[in-house]
Amino acid sequence: MLTLYGNEYPSRLLLGTAQYPSPAILSQAVKASGASLITVSLRRESAGGKAGGAFWELIRGLDVEVLANTAGCHSVKEAVTTARMAREVFATNRIKLEVIGNADTLQPDVFALVEAARILTAEGFEVFPYTTEDLVVAERLVEAGCQVLMPWCAPIGSAKGPLNLDALRSLRGHFPQVPLVVDAGLGRPSHAAQVMELGFDAVLLNTAVAKAGDPVAMAGAFAKAVEAGHIAFQAGLLEPRDMAVPSTPVLGKATFQ
Amino acid sequence: MKVLIRGAGVAGLTLAHALARRGLQVEVAETRADLAGGASWMAGGMLAPWCECESADEAVLALGRDAAAWWERALPGHVVRRGTLVVAPPRDRAELHRFAARTSGHQPLDGTAIAALEPDLAGRFREGLFFPGEAHLDPRRALRALHERLAAAGVRFHFGGEPALPVTADWQADCMGMAAGEPGLRGVRGEMLILRASDVTLSRPVRLIHPRFPVYVVPRADHHFMVGATMIESDAQGPMTARSAVELLNAAYALHPAFAEAEIVETGVGVRPAFADNLPRVRRQGRRLTVNGLYRHGFLLAPAMAERAASLIAAGDGSEEGELAHAAHG
């Protein structure tokens, strides 16, 4: 079972809630994905009071645990303020921490990320940091108190799939005990299966589902791929080798030699 | 038979028109002092059902494909039938292909063809799409003209009044958008700019594909351009945020650098009424009817909704309680 900050989740697929054609389709996609954790971007405007209430009601109505994120924040201060606001709105200490460093690639500003993570963990937050695949940054985040790491595998929404498999593999090797969630850049179910086969604990998706021709069907496809990849990892994958190994012994066959 | 319509936005006025044409007596009550200020006033006025199907349900195409013809009949001379141009910067070509795959009714364009359609965009884009069946109008001029025609045809208007105006009517129709407070209705905030750029001439709406922030620029009279619009899950009416202004202006600048010299004539905020599936509904309960949930498709879908609502009123006796007409799927 996937365990994040002591909570157990039956599904290893986390789903974002932005960019769907309609809330009705979002709702069906969440159900089809089986996700037990969904992320919601907390925009300042819709955070307080009655504004945006209808959308929050709809999200709450999905009956799936909500992980608020600080999407769109570009500085430590902005991210920390948004996290505190999320704590009030959702009555939870959990926050997906996102500090954007580059507007074109939406690459995380890892320096600001580590700083914001320190501040928030000191305030009792359970931080889910959206980071790059950089090993040293990951170490700093763990030092800062993060008990889960969420590296990208490609830029957000790029649908490119894992660009640096070696780095992802090395992260897994260095942090055998820390839950690792691939957070961004997945485009196809096969990408999700691929990172799950590396032993990642879960994946977080949004665009690949929301912008699919049929988001509901795609959510189901990803759910199957994530499960297949995870089972395959547990089952033990064969290492590739250069020479063929006959699957049926040929020794003793009449035609041998 | 007399019908009281509450709300003088695009839903209310199109319904008034459809009813008046059927020979019914119509009164319109609007709590605002005049036509300005509601969500319809902030609309882009694009009659673009094919483009909208990039993210909208197919029902939007079915309900909206005759909208341009409806507006032409109602307001001769207001509809500009010059199609829609969709362009993307080279680095967002993949998004353009995605847009093309999700929509129909378009032709591929190369740089030369784009320049032939919009000479001011010559040399700026190498790839685009043309939706020749689409049209646009100026929503404010259209609302004013429709109001004038209706008033001249004998429709009585009550502006600045209470919603519970004591008018005796056989039927009531609520077309108040967010103010109706219908169950299941939510607000989707939209922010827009009106720019005046004397150096830019466009003859049709242009959509700029952008992975994070799709934007459209709609030409209006005298080198005015409506640039819109954000989509935010919120019913907050407050002023436009700096971030939204930056995004909209950036997009306009990406379309044509001369927009950098444009005057910002107006910043506007409207809250679109929407149901969970983003499709509109006509609901009837006895002799009370509601038209709502037009979302970002006010001018596109109001005619179809108005005709359905008017037919219900003209034909029905209203004796069945709680009947729902999900016009979007009807």
# chains A, B, ... in the order shown; residues from 1 in each chain; ligands from 1
$ residues_around --residues "Thr3 (chain A)" --least-positions-apart "3" --cutoff "9 Å" --atoms "only C-alpha atoms" --output "list in words"
Gly6, Asn7, Glu8, Tyr9, Pro179 and Asp201 of chain A
$ write_last_selection --atoms "C-alpha atoms" --output "JSON list (two decimals), in the first residue's frame"
[["chain", "number", "residue", "atom", "x", "y", "z"],
["A", 6, "GLY", "CA", 1.64, 7.82, 7.58],
["A", 7, "ASN", "CA", -1.55, 7.76, 5.49],
["A", 8, "GLU", "CA", -2.27, 4.75, 3.33],
["A", 9, "TYR", "CA", -3.67, 5.05, -0.17],
["A", 179, "PRO", "CA", 8.32, 7.56, -1.19],
["A", 201, "ASP", "CA", 5.92, 4.57, -5.59]]
$ select_by_dssp --residues "region 44-252 of chain A" --states "alpha helix (DSSP H)" --output "count of residues only"
94
$ residues_around --residues "Trp70 (chain B)" --least-positions-apart "3" --cutoff "12 Å" --atoms "only C-alpha atoms" --output "NGL selection string"
:B and (14 or 17-18 or 47 or 63-67 or 73-76 or 78-79 or 135 or 299-307)
$ select_by_dssp --residues "region 34-221 of chain A" --states "strand (DSSP E or B)" --output "ChimeraX atom specification"
/A:37-41,65-69,94-97,100,108,126-131,149-151,180-182,202-205
$ residues_around --residues "Leu186 (chain A)" --least-positions-apart "5" --cutoff "10 Å" --atoms "only C-alpha atoms" --output "list in words"
Trp152, Cys153, Ala154, Pro155, Ile156, Gly157, Ser158, Ala159, Lys160, Gly161, Pro162, Leu163, His191, Ala192, Val195, Val203, Leu204, Leu205, Asn206, Thr207, Ala208 and Val209 of chain A
$ residues_around --residues "region 229-238 of chain B" --least-positions-apart "5" --cutoff "8 Å" --atoms "only C-alpha atoms" --output "PyMOL selection string"
(chain A and resi 45-46+51-55) or (chain B and resi 186-192+215-216+244+248+269-271)
$ write_last_selection --atoms "N, CA and C atoms" --output "tab-separated table (two decimals), in the first residue's frame"
chain	number	residue	atom	x	y	z
A	45	GLU	N	-7.68	34.13	-5.56
A	45	GLU	CA	-8.99	34.75	-5.73
A	45	GLU	C	-10.11	33.86	-5.26
A	46	SER	N	-9.92	32.57	-5.47
A	46	SER	CA	-11.03	31.69	-5.17
A	46	SER	C	-10.88	31.07	-3.79
A	51	ALA	N	-16.33	33.05	-2.78
A	51	ALA	CA	-15.86	33.01	-4.16
A	51	ALA	C	-15.31	31.64	-4.51
A	52	GLY	N	-15.70	31.13	-5.67
A	52	GLY	CA	-15.22	29.82	-6.10
A	52	GLY	C	-15.83	28.69	-5.31
A	53	GLY	N	-16.77	29.00	-4.44
A	53	GLY	CA	-17.36	28.00	-3.57
A	53	GLY	C	-17.94	26.81	-4.31
A	54	ALA	N	-18.57	27.09	-5.44
A	54	ALA	CA	-19.23	26.02	-6.18
A	54	ALA	C	-18.22	24.98	-6.65
A	55	PHE	N	-17.04	25.46	-7.09
A	55	PHE	CA	-16.02	24.52	-7.56
A	55	PHE	C	-15.48	23.68	-6.41
B	186	ARG	N	-22.54	27.36	-11.19
B	186	ARG	CA	-21.33	27.92	-10.62
B	186	ARG	C	-20.83	29.07	-11.50
B	187	GLY	N	-19.95	29.87	-10.95
B	187	GLY	CA	-19.41	31.00	-11.71
B	187	GLY	C	-18.03	30.69	-12.24
B	188	VAL	N	-17.78	31.08	-13.48
B	188	VAL	CA	-16.44	30.96	-14.05
B	188	VAL	C	-16.01	32.36	-14.47
B	189	ARG	N	-15.07	32.88	-13.71
B	189	ARG	CA	-14.66	34.26	-13.90
B	189	ARG	C	-13.87	34.43	-15.20
B	190	GLY	N	-14.19	35.50	-15.91
B	190	GLY	CA	-13.46	35.80	-17.14
B	190	GLY	C	-13.01	37.25	-17.13
B	191	GLU	N	-11.77	37.47	-17.51
B	191	GLU	CA	-11.25	38.83	-17.57
B	191	GLU	C	-10.88	39.15	-19.01
B	192	MET	N	-11.13	40.38	-19.42
B	192	MET	CA	-10.85	40.77	-20.80
B	192	MET	C	-10.34	42.19	-20.86
B	215	VAL	N	-5.70	32.34	-26.14
B	215	VAL	CA	-6.27	33.69	-26.10
B	215	VAL	C	-6.82	34.03	-27.47
B	216	TYR	N	-7.81	34.90	-27.49
B	216	TYR	CA	-8.34	35.34	-28.78
B	216	TYR	C	-8.38	36.87	-28.84
B	244	SER	N	-3.37	38.35	-14.81
B	244	SER	CA	-4.24	38.16	-15.98
B	244	SER	C	-3.95	39.20	-17.04
B	248	LEU	N	-2.74	38.39	-20.86
B	248	LEU	CA	-3.52	38.82	-22.03
B	248	LEU	C	-2.68	39.74	-22.92
B	269	VAL	N	-14.35	42.51	-16.22
B	269	VAL	CA	-14.48	41.23	-15.53
B	269	VAL	C	-15.93	40.80	-15.59
B	270	GLY	N	-16.17	39.57	-15.98
B	270	GLY	CA	-17.52	39.04	-15.96
B	270	GLY	C	-17.51	37.65	-15.35
B	271	VAL	N	-18.64	37.23	-14.81
B	271	VAL	CA	-18.72	35.88	-14.26
B	271	VAL	C	-19.72	35.09	-15.09
$ interface_residues --of "chain B" --to "chain A" --cutoff "12 Å" --atoms "only C-alpha atoms" --output "JSON, numbers by chain"
{"B": [52, 53, 54, 55, 56, 57, 58, 91, 92, 94, 95, 98, 99, 100, 101, 102, 103, 178, 181, 182, 183, 184, 185, 186, 187, 188, 189, 210, 211, 212, 213, 214, 231, 232, 233, 234, 235, 236, 237, 238, 239, 240, 241, 243, 244, 247, 271, 273, 274, 275, 276, 277, 278, 279, 295, 296]}
$ residues_around --residues "region 157-160 of chain B" --least-positions-apart "3" --cutoff "8 Å" --atoms "only C-alpha atoms" --output "list in words"
Glu27, Val28, Ala29, Glu30, Thr31, Arg32, Ala33, Asp34 and Ala151 of chain B
$ residues_around --residues "region 12-15 of chain A" --least-positions-apart "2" --cutoff "8 Å" --atoms "only C-alpha atoms" --output "compact mmCIF listing (two decimals) with N, CA and C atoms, in the first residue's frame"
# COMPACT_ATOMS: atom_id res chain seq x y z
N LEU A 2 0.51 2.22 -0.80
CA LEU A 2 1.24 3.49 -0.85
C LEU A 2 1.05 4.23 0.47
N TYR A 9 -2.83 4.79 1.00
CA TYR A 9 -3.67 5.05 -0.17
C TYR A 9 -3.73 3.80 -1.04
N PRO A 10 -4.93 3.37 -1.38
CA PRO A 10 -5.06 2.16 -2.19
C PRO A 10 -4.56 2.34 -3.63
N THR A 17 -6.49 18.35 -11.03
CA THR A 17 -7.89 18.66 -11.34
C THR A 17 -8.06 19.84 -12.31
N VAL A 30 -11.89 11.34 -12.39
CA VAL A 30 -11.36 10.99 -11.07
C VAL A 30 -11.86 9.61 -10.67
N SER A 33 -10.12 6.92 -12.70
CA SER A 33 -8.71 6.75 -12.38
C SER A 33 -8.52 5.96 -11.09
N GLY A 34 -9.56 5.96 -10.26
CA GLY A 34 -9.43 5.32 -8.95
C GLY A 34 -8.50 6.06 -8.02
N ALA A 35 -8.11 7.28 -8.38
CA ALA A 35 -7.16 8.05 -7.57
C ALA A 35 -7.70 8.24 -6.15
N SER A 36 -6.79 8.10 -5.17
CA SER A 36 -7.24 8.34 -3.80
C SER A 36 -6.67 9.65 -3.26
N LEU A 37 -6.00 10.38 -4.13
CA LEU A 37 -5.49 11.70 -3.75
C LEU A 37 -5.56 12.58 -5.00
N ILE A 38 -6.20 13.73 -4.88
CA ILE A 38 -6.25 14.64 -6.03
C ILE A 38 -5.66 15.98 -5.63
N THR A 39 -4.97 16.62 -6.57
CA THR A 39 -4.38 17.92 -6.26
C THR A 39 -5.28 19.02 -6.81
N ASP A 201 7.06 4.98 -6.42
CA ASP A 201 5.92 4.57 -5.59
C ASP A 201 4.58 4.97 -6.17
N ALA A 202 4.59 6.06 -6.96
CA ALA A 202 3.33 6.54 -7.52
C ALA A 202 3.62 7.54 -8.62
N VAL A 203 2.60 7.93 -9.37
CA VAL A 203 2.74 9.01 -10.33
C VAL A 203 1.60 10.01 -10.12
N LEU A 204 1.91 11.26 -10.46
CA LEU A 204 0.89 12.31 -10.41
C LEU A 204 0.71 12.86 -11.82
N LEU A 205 -0.53 12.88 -12.29
CA LEU A 205 -0.84 13.26 -13.67
C LEU A 205 -1.84 14.37 -13.68
N ASN A 206 -1.81 15.17 -14.73
CA ASN A 206 -2.93 16.07 -14.96
C ASN A 206 -3.20 16.23 -16.45
N PHE A 222 -4.48 5.00 -17.72
CA PHE A 222 -3.35 5.28 -16.84
C PHE A 222 -3.42 4.44 -15.55
N ALA A 223 -4.62 4.26 -15.03
CA ALA A 223 -4.76 3.47 -13.80
C ALA A 223 -4.23 2.07 -14.02
N VAL A 226 -0.31 2.14 -14.40
CA VAL A 226 0.37 2.35 -13.12
C VAL A 226 0.38 1.04 -12.33
N GLU A 227 -0.75 0.38 -12.33
CA GLU A 227 -0.85 -0.88 -11.60
C GLU A 227 0.07 -1.93 -12.23
$ atom_distance --atom1 "CA of Val182 (chain A)" --atom2 "CA of Ser170 (chain A)"
13.6 Å
$ atom_distance --atom1 "CA of Ala62 (chain B)" --atom2 "CA of Pro49 (chain B)"
8.2 Å
$ closest_residue --among "B:Ala16, B:Ile313, B:Leu85, B:Cys51" --to "Gln285 (chain B)" --atoms "only C-alpha atoms"
B:Ile313
$ decode --residues "region 169-188 of chain A" --atoms "C-alpha atoms" --output "compact mmCIF listing (two decimals), in the first residue's frame"
# COMPACT_ATOMS: atom_id res chain seq x y z
CA ARG A 169 16.99 5.31 -11.32
CA SER A 170 19.70 6.90 -9.25
CA LEU A 171 17.12 8.76 -7.12
CA ARG A 172 15.37 5.48 -6.44
CA GLY A 173 18.68 3.88 -5.51
CA HIS A 174 19.65 6.69 -3.15
CA PHE A 175 16.34 6.97 -1.36
CA PRO A 176 15.09 3.43 -0.89
CA GLN A 177 12.97 4.48 2.08
CA VAL A 178 11.53 7.78 0.83
CA PRO A 179 8.32 7.56 -1.19
CA LEU A 180 9.04 8.83 -4.71
CA VAL A 181 6.27 10.17 -6.93
CA VAL A 182 6.88 11.18 -10.54
CA ASP A 183 5.01 14.44 -10.72
CA ALA A 184 5.16 15.93 -14.19
CA GLY A 185 5.86 15.27 -17.85
CA LEU A 186 4.08 11.97 -18.36
CA GLY A 187 2.24 11.81 -21.67
CA ARG A 188 1.26 8.17 -22.15
